[in-house]
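Below is one structure; the comments refer to it alone.
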Amino acid sequence: MTLVGGRSDETEAVPRSPRPPGGGKRVIDIANLSLTFMTADGPVHALSNIDLAIEEGEFVSLIGPSGCGKTTLLRVIADLETPSQGTISVNGESPQEARLKRAYGYVFQAPALYPWRSIAQNIALPLEIMGYSRAERAARVKKGLDLVNLQGFEKKFPWQLSGGMQQRASIARALSFDPTLLLMDEPFGALDEIVRDKLNEQLLRLWDKTGKTVVFVTHSIPEAVFLSTKVVVMSPRPGQIHDVIECKLSRERTLDIRETPAFLDLAHRVRQGLREGHSYVD
Amino acid sequence: MRQLDPIALGADIAAVVSLLGSASVGAVFADELRPMAGLFGLALLLATDVSRRSRQGPSQIRDCILPLIAALLVGATLVGALGAGLDGKATWGFWAAVIAVWLTAWRVVTALIAAGREGRLARTLVNIGVPLVFGATLLFLWEVIVRGTGVPSVILPAPSAIFARLASSVPTLAVDFVQTLHGVAAGYVIGCGAGFLVAVLMDRVPFLQRGLLPIGNLVSALPIVGVAPIMVMWFGFDWQSKAAVVVIMTFFPMLVNTNAGLAATGAMERDLMKTYAANYPATLLKLRLPAALPFVFNGLKICSTLALIGAIVAEFFGTPIYGMGFRINAEVGRMNIDMVWATIVVAALFGSLFYGLIGLIERQVTFWHASYRQRSA
Amino acid sequence: MLPPRAGELSAHPTEGARPAMTMTSMVRRVWQSQATAVLVIALAIVILWYGGSIVMNAQLQRDAFENADQKDYTSAQFIAGTLNMERPKLPAPHQIVRELDKTVLQIDPSSKRSLVYHGIVTLQATLLGFSIGSILGVLLAVLVVHAASLDKGLMPWIVASQAIPIIALAPMIVVILNQFEVTGIVPKAVISAYLSFFPVTVGMVKGLRSPDPLQLDLMRTYSASRPETLFKLRLPASVPFLFASLKVAVAASLVGAIVAEVTKSEDGGLGARLLAGSYYGQTVQIWAALIAAAICACVLIGIVGSLDRVVSRRMGYAR
C-alpha cells in the first residue's frame with residue numbers, strides 16, 4: 001500500500017471538488033424509462049425501468065458488459081433512439097428539443113472524422129452547419145485545437161494522424177460549439193492502453209477547466225473510477241441499472257491515484273456490482 | 001552463382017545466326033545496308049553479353065540501356081530493310097535478326113522488372129517503361145511479320161501503313177471525330193447528369209428507390225445499343241440521335257453508381273449529423289455527396305466508355321456522311337482496312353484521353369479516398 | 001422478371017418486423033415491399049409509354065385521317081388510331097406484345113420469320129464466344145499472376161483497353177474473316193469472345209491477387225508449390241471476382257453478337273432483325289427484337305447469377 005504523490009491524503013477525505021455542481025441543477029432526468037427493440041427473433045429489452053438523474057458539472061460513467069444497454073441509454077439521451085416507455089428530460093426539455101437546440105456534443109467510439117476534410121475543417125463542421133460566421137469559426141477552431149493539444153495539425157487530413165490524435169480531434173469537434181453537455185460513447189475503446197491513459201488525464205483536465213457535464217460510456221473499470229464523480233453500473237438482459245457508486249476523489253487527480261486504497265476500494269465496489277449483475281456469467 | 005539465362009542465350013544465338021546470314025549468304029539485307037546491319041547485329045550480341053556480365057550489380061536499370069539501344073537500332077534497321085525492297089521476301093537471316101530483337105526486348109523487360117524492386121523512382125520508371133517496351137515490341141513484331149511475309153493490307157495493314165494513312169487523312173478524321181464528339185458530349189452530359197439527379201431524388205424518396213433501383217440494375221445489363229435504329233428514326237441521322245442513344249446508355253449505370261455512393265455513408269457519420277440537428281441539404285452537401293464521390297467517378301468512368309460505344313454503334317445505323325462509326329462501316333465496305341484502323345486509333349486515343357481526364361479529376365477531388373492516400377500523404 | 005435483391009434495401013431492420021397485424025399496417029407493409037414498388041414503377045412506365053405513343057404518333061394519325069379524307073373523327077377514334085398504326089413512331093406496348101406473341105408463339109421456330117429462330121442464332125454465337133473468351137481470360141489471368149513480364153508489360157494495356165470502344169473492331173473482323181470464307185457463327189463468336197475476354201482477365205487478375213499476405217504466407221510456411229498455391233488458395237479466393245466479371249462479360253458478349261449481326265445480317269439473328277426493321281421502317285418489329293434481346297440478356301445473366309449463387313453457397317461465400 002503505497003501512497004504516491006502529495007495529494008493522496010486528500011482523496012481519503014471528503015472534499016470532493018472545489019467547484020461543486022452548480023446548485024444541484026438537473027441536466028438529465030430519467031424516470032422509469034424502457035426501450036424495446038422489435039427484431040425478427042422477437043422483442044429485445046434493451047433498457048428496462050431506468051431511473052437516473054445527472055446534475056450539472058458531474059462526470060457520470062455508464063459501465064457494464066456488452067449488451068447491457070449503456071450505449072443505447074446514451075443514444076436515448078442524444079435522441080438517436082426513442083424510448084418505448086417512461087420519461088426523460090435533457091435541460092428540462094425533451095431530448096429532441098435539446099438536440100434541435102444543439103445542447104450536447106457527442107463523441108463516438110470511432111473518430112468519425114470526414115476523410116475529405118482537414119482537421120481544422122472537421123472541427124469547423126458543426127459550426128458550418130450551425131451557421132457561425134467565418135471569423136467566428138476560425139477563432140473557435142483555434143481554441144479547439146489548443147484545448148486538445150493539436151496545434152500545428154490543422155492542415156493535416158485525419159488519415160495522416162494517429163488514432164489517438166484523431167480521437168482528440170473528434171473531441172475538439174464535439175466541443176467546438178460549446179455545448180454544456182458532452183456525451184461520450186467509449187471514445188477511447190479502440191486505442192491502446194498507454195494512449196488511453198494519456199487521453200484520460202487530458203479529458204479530466206479538460207472537464208475540470210470547462211465545467212461541462214459529461215456522460216461517459218465505458219467497459220473499463222479503472223477508466224470509469226478514475227474519471228467519474230458517479231459510476232452507474234448496468235447489467236444485461238434486460239438492460240438495467242444495478243448500482244450507482246459515488247466517487248469522491250479530488251478533481252485534480254492524476255494517474256497515480258489509481259494505486260491508492262480509496263481508488264482500489266471504489267474499483268472493487270464497481271466490480272462487485274458487475275458481478276452481482278451477472279455480468280461475468282455467459 | 002552464375003545462372004544460364006535461356007532468353008539471353010537465345011538472343012545471342014539468334015544474333016549470331018543473323019550475322020551469319022547477313023555476312024555470307026546475303027539473305028538478310030539489300031546490298032547497301034549489309035555492313036550497317038552486320039555492325040548492329042554485333043552490337044546486339046555485345047549488349048546482351050555486357051548486360052549479362054553485370055547482372056549482380058546494384059544499378060540494373062543502367063544495364064538495360066545498352067541492350068535497349070541495340071534492340072532499337074537493329075529493329076529500326078530491319079524495318080528500314082523492309083522498305084529497301086524486302087517486303088514479302090524476307091528469308092531466314094532476317095527472321096533470326098527479328099527473333100534476336102524480340103528476345104533482347106524480353107530480356108530488357110525482365111531486367112527492368114528486377115531493377116524496379118529497388119527504390120521508388122526505379123519503380124515509377126519501370127511502371128512506365130515496361131509497358132512501353134512491351135507495346136513497342138508488339139508493334140515491331142506486327143510490322144515486320146506483316147511486311148516480311150507479305151500479308152495483304154486488306155487483311156491486316158502494317159502499323160506504319162496505318163500511321164501513314166492516319167497522317168494523310170487528318171482532315172477527314174477530324175471531321176469524323178468532331179461529328180462523333182458532338183453526340184458523345186451532349187449525350188454524356190445529359191445522361192450522366194440526369195442519372196445523378198434522379199439518384200439524389202431517389203435517395204430522398206425511398207419508394208422510388210425500391211422501385212427504380214432493381215429496374216436500373218436490370219437495364220444496366222441490357223444490350224441498349226439496340227435502341228439505336230429507333231433513335232435514328234426519331235431524331236434523324238445527325239448527332240442528335242447518337243446523343244439520345246448515349247443518354248439512354250449512360251443514364252442507368254450513373255443512377256446505380258450514384259445511388260450506391262449515397263448509401264455508402266456509415267451509420268455513425270449520419271448519427272453525427274443528427275446530433276448537430278443538421279437539415280437535409282446540409283447532410284447532403286457536407287456528408288452524403290462527398291462520401292458518394294468515389295462512386296460517382298466510377299460511374300462517370302464506366303459511362304465514358306459506354307458513351308463512345310453508343311455513339312459509334314449508333315452511327316453504324318445511319319449518319320450523314322461523316323462520323324467515326326460511319327467511317328468504319330463505309331471503309332470496311334470499300335476494303336480500305338488501313339483507314340478503318342486509323343479511325344480505330346483515333347477512337348482509342350479519344351477513349352483513353354476521355355477516361356484519363358476523368359481519372360485525373362477523380363484523383364484531385366477524391367485524394368482522400370483510401371486508394372489514393374499513399375500517394376498524397 | 002426481376003432478379004431478387006433481397007436484403008439490399010431493408011435499411012430499417014426494425015421496420016416490418018412488428019407482429020401487429022392491423023389493416024393499416026398490412027397495407028403499409030405491402031406498400032413498403034419491393035415488389036409493390038417495382039410493379040408501381042413498371043405500371044407508371046407503361047402508362048407513360050401509352051401517353052408517349054399517343055403524342056408521338058399524333059401527327060402521323062392526323063396525316064392518315066387527312067389522306068383518307070376523314071374530316072370528322074372523335075377523339076376516341078383518334079386515340080385508337082394512334083395506338084394501332086402499321087408503322088408508328090412509337091408502337092404501343094400491346095402492339096409489341098402482339099408482335100412478340102405472333103413471332104414467338106404462333107410461327108414455327110424453324111422459320112426465318114420466327115423470333116425464336118433469330119434468338120437462338122444470336123444466343124449460339126453469344127455462348128460460344130462467351131465460353132472461349134472467358135476460358136482464355138482465366139488462362140491469361142493465371143499467366144499474368146505468375147509472370148512478372150506479362151503483369152508489368154501486358155496488363156497495363158489490357159486495363160487501358162477497357163477505356164476504348166473495342167466494339168468498333170467488329171465490322172472489320174466480320175469482313176476480314178469473310179475473306180477467308182469464315183462465315184456464319186464464327187465471326188460473331190470471335191467478337192463475343194474478345195469482348196468478354198478483357199473483363200474476365202481484369203477481374204480474374206484481381207481475384208487471383210485477392211488472398212491477403214497472411215494467407216499467402218501460410219502457404220509459404222507449408223512450402224507449397226506455385227500450382228498448389230494456385231489451386232488451394234488463389235483460385236478458390238477468386239471465385240466471387242470470377243462471377244462478377246462473368247456477369248459483365250456475358251452482357252458484353254450479347255452486345256458483340258448483336259452488333260456483328262448488324263454488320264452482316266445474312267445469317268439472321270436479333271441484330272439482323274433490328275437492321276431489317278430499321279430499313280423497312282417496321283418499328284414494331286424493332287421493338288419486338290429489342291425486347292427479345294432484353295429477355296436473352298436476362299436469361300443469360302440469370303443463368304450466370306444462379307450459378308454464382310449455387311457455387312458461392314457450396315463454397316461458403318453465401319450471403
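To be explicit about the labels: the chains of the C-alpha cells are called A, B, and onward in the order shown, and within each one the residues are counted from 1, while ligands get numbers from 1 in the order they are shown.
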
Quiz item: Quick one: residues within 8 Å of Asn217 of chain B, only C-alpha atoms counted, chain neighbours fewer than 5 positions away excluded, as number ranges by chain?
Solution: B: 252-253, 256

Go through chain B and flag each residue having an atom no more than 12 Å from chain A; for those, report the closest pair of atoms plus their distance in Å to one decimal, using only C-alpha atoms, ordered by chain and rising number, as a tab-separated table.
```
residue	atom	partner	partner_atom	distance
B:Thr265	CA	A:Tyr114	CA	10.2
B:Gly266	CA	A:Ala112	CA	9.0
B:Ala267	CA	A:Ala112	CA	10.0
B:Met268	CA	A:Ala112	CA	6.8
B:Glu269	CA	A:Ala112	CA	6.0
B:Arg270	CA	A:Ala112	CA	9.7
B:Asp271	CA	A:Leu80	CA	7.1
B:Leu272	CA	A:Tyr106	CA	7.5
B:Met273	CA	A:Pro126	CA	8.2
B:Lys274	CA	A:Leu80	CA	7.6
B:Thr275	CA	A:Arg99	CA	6.3
B:Tyr276	CA	A:Arg102	CA	6.0
B:Ala277	CA	A:Leu100	CA	5.2
B:Ala278	CA	A:Ile129	CA	6.3
B:Asn279	CA	A:Ile129	CA	8.5
B:Tyr280	CA	A:Ile129	CA	10.9
B:Pro281	CA	A:Ile129	CA	10.0
B:Ala282	CA	A:Ile129	CA	6.5
B:Thr283	CA	A:Ile129	CA	8.8
B:Leu284	CA	A:Ile129	CA	11.5
B:Leu285	CA	A:Ile129	CA	10.3
B:Lys286	CA	A:Leu125	CA	8.2
B:Leu287	CA	A:Tyr114	CA	7.9
B:Arg288	CA	A:Tyr114	CA	10.7
B:Leu289	CA	A:Trp116	CA	11.1
B:Pro290	CA	A:Trp116	CA	7.4
B:Ala291	CA	A:Trp116	CA	8.3
B:Ala292	CA	A:Trp116	CA	11.4
B:Leu293	CA	A:Trp116	CA	10.3
B:Pro294	CA	A:Trp116	CA	11.3
B:Gln364	CA	A:Trp116	CA	11.1
B:Val365	CA	A:Trp116	CA	8.8
B:Thr366	CA	A:Trp116	CA	7.3
B:Phe367	CA	A:Trp116	CA	7.7
B:Trp368	CA	A:Trp116	CA	5.2
B:His369	CA	A:Pro115	CA	7.3
B:Ala370	CA	A:Trp159	CA	8.9
B:Tyr372	CA	A:Trp159	CA	11.4
B:Arg373	CA	A:Trp159	CA	8.1
B:Gln374	CA	A:Gln160	CA	9.8
B:Arg375	CA	A:Gln160	CA	11.9
B:Ser376	CA	A:Gln160	CA	10.0
B:Ala377	CA	A:Gln160	CA	6.7
```

Exercise. Within 7 Å of chain C, which residues of chain A are there when counting only C-alpha atoms? Please give them as a PyMOL selection string.
Key: chain A and resi 38-40

Quiz item: Contacts of Gln61 of chain C at 8 Å or less, counting only C-alpha atoms, minus same-chain residues fewer than 2 places along, as a ChimeraX atom specification?
Solution: /C:57-59,63-65,78,81-82,85

Exercise. Would you mind writing down, as an NGL selection string, each residue of segment 49-292 of chain B that DSSP on the backbone assigns to helix (DSSP H, G or I)?
Key: :B and (49-56 or 60-86 or 92-115 or 120-148 or 159-168 or 170-204 or 206-220 or 224-235 or 239-262 or 267-275 or 280-292)

Quiz item: Of the residues B:Ala194, B:Ala186, B:Ala111, B:Ala122, which is the one nearest to chain C, using only C-alpha atoms?
Solution: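 Closest to chain C, using only C-alpha atoms: B:Ala111.
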
Self-check item: Close residues, Leu48 of chain C itself excluded, 12 Å, only C-alpha atoms, min 6 positions apart in chain, as a count of residues only
Solution: 8

Quiz item: Pick from C:Pro156, C:Pro199, C:Pro236, C:Pro88: nearest to chain B, with only C-alpha atoms counted?
Solution: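 The answer is C:Pro156, which sits nearest to chain B.
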
Within 12 Å of segment 143-155 of chain A: each segment 183-252 of chain A residue with its shortest pair, only C-alpha atoms, as JSON lines:
```
{"residue": "A:Lys198", "atom": "CA", "partner": "A:Val148", "partner_atom": "CA", "distance": 11.6}
{"residue": "A:Leu199", "atom": "CA", "partner": "A:Val148", "partner_atom": "CA", "distance": 9.3}
{"residue": "A:Asn200", "atom": "CA", "partner": "A:Val148", "partner_atom": "CA", "distance": 11.8}
{"residue": "A:Glu201", "atom": "CA", "partner": "A:Val148", "partner_atom": "CA", "distance": 11.4}
{"residue": "A:Gln202", "atom": "CA", "partner": "A:Val148", "partner_atom": "CA", "distance": 7.7}
{"residue": "A:Leu203", "atom": "CA", "partner": "A:Val148", "partner_atom": "CA", "distance": 8.6}
{"residue": "A:Leu204", "atom": "CA", "partner": "A:Val148", "partner_atom": "CA", "distance": 11.7}
{"residue": "A:Arg205", "atom": "CA", "partner": "A:Leu147", "partner_atom": "CA", "distance": 9.9}
{"residue": "A:Leu206", "atom": "CA", "partner": "A:Leu147", "partner_atom": "CA", "distance": 7.4}
{"residue": "A:Trp207", "atom": "CA", "partner": "A:Leu147", "partner_atom": "CA", "distance": 10.8}
{"residue": "A:Lys209", "atom": "CA", "partner": "A:Leu147", "partner_atom": "CA", "distance": 9.8}
{"residue": "A:Thr210", "atom": "CA", "partner": "A:Leu147", "partner_atom": "CA", "distance": 10.0}
```

Would you save the residues from that selection as a CSV table (one decimal), in the first residue's frame, using C-alpha atoms?
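Written out: out37.csv:
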```csv
chain,number,residue,atom,x,y,z
A,198,LYS,CA,-2.8,9.9,-21.5
A,199,LEU,CA,-6.1,10.9,-23.0
A,200,ASN,CA,-8.0,10.1,-19.8
A,201,GLU,CA,-5.8,12.5,-18.0
A,202,GLN,CA,-6.3,15.2,-20.6
A,203,LEU,CA,-10.0,14.6,-20.6
A,204,LEU,CA,-10.1,15.0,-16.9
A,205,ARG,CA,-8.2,18.3,-17.0
A,206,LEU,CA,-10.5,19.5,-19.8
A,207,TRP,CA,-13.6,18.7,-17.8
A,209,LYS,CA,-11.3,23.5,-16.9
A,210,THR,CA,-14.6,23.8,-18.7
```

Quiz prompt | Near-segment 126-134 of chain B list (10 Å; only C-alpha atoms; drop same-chain fewer than 5 positions) as a list in words | solution =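 Counting only the stated atoms, we get Ile61, Leu68, Leu72, Trp102, Ala105, Trp106, Val108, Val109, Thr110, Ala111, Leu112, Ile113, Ala114, Ala115, Gly116, Arg117, Arg120, Leu121, Leu139 and Phe140 of chain B; Ser149, Leu150, Asp151, Lys152, Gly153, Leu154, Met155, Pro156 and Trp157 of chain C.
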
Quiz item: Of the candidates B:Gly193, B:Pro229, B:Gly93, B:Gly236, which shows the shortest atom-to-atom distance to chain C, using only C-alpha atoms?
Solution: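 Comparing B:Gly193, B:Pro229, B:Gly93, B:Gly236 against chain C, the winner is B:Pro229.
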
Quiz prompt | Residue among C:Arg62, C:Lys264, C:Arg28, C:Lys89 lying closest to chain B, counting only C-alpha atoms | solution =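 Nearest to chain B: C:Lys89.
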
Exercise. Find the distance between atom CA of Gly86 of chain A and atom CA of Gly211 of chain A and write it in Å to one decimal.
Key: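 So the answer is 29.2 Å.
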
Quiz prompt | Contact residues around segment 56-68 of chain A with only C-alpha atoms at 6 Å, ignoring same-chain residues under 3 positions, as a ChimeraX atom specification | solution = /A:21-22,25,27,211-219,224,228-236,239,279

Quiz prompt | Exercise: Met202 of chain B partners within 12 Å, only C-alpha atoms, chain neighbours under 3 positions left out, as a VMD selection string | solution = chain B and resid 194 to 199 205 to 213 216 255 to 256 258 to 260 262 to 263

Practice problem: Find, counting only C-alpha atoms, the residue in B:Thr77, B:Asn329, B:Ser241, B:Ser371 that gets nearest to chain C. | Solution: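 The answer is B:Asn329, which sits nearest to chain C.
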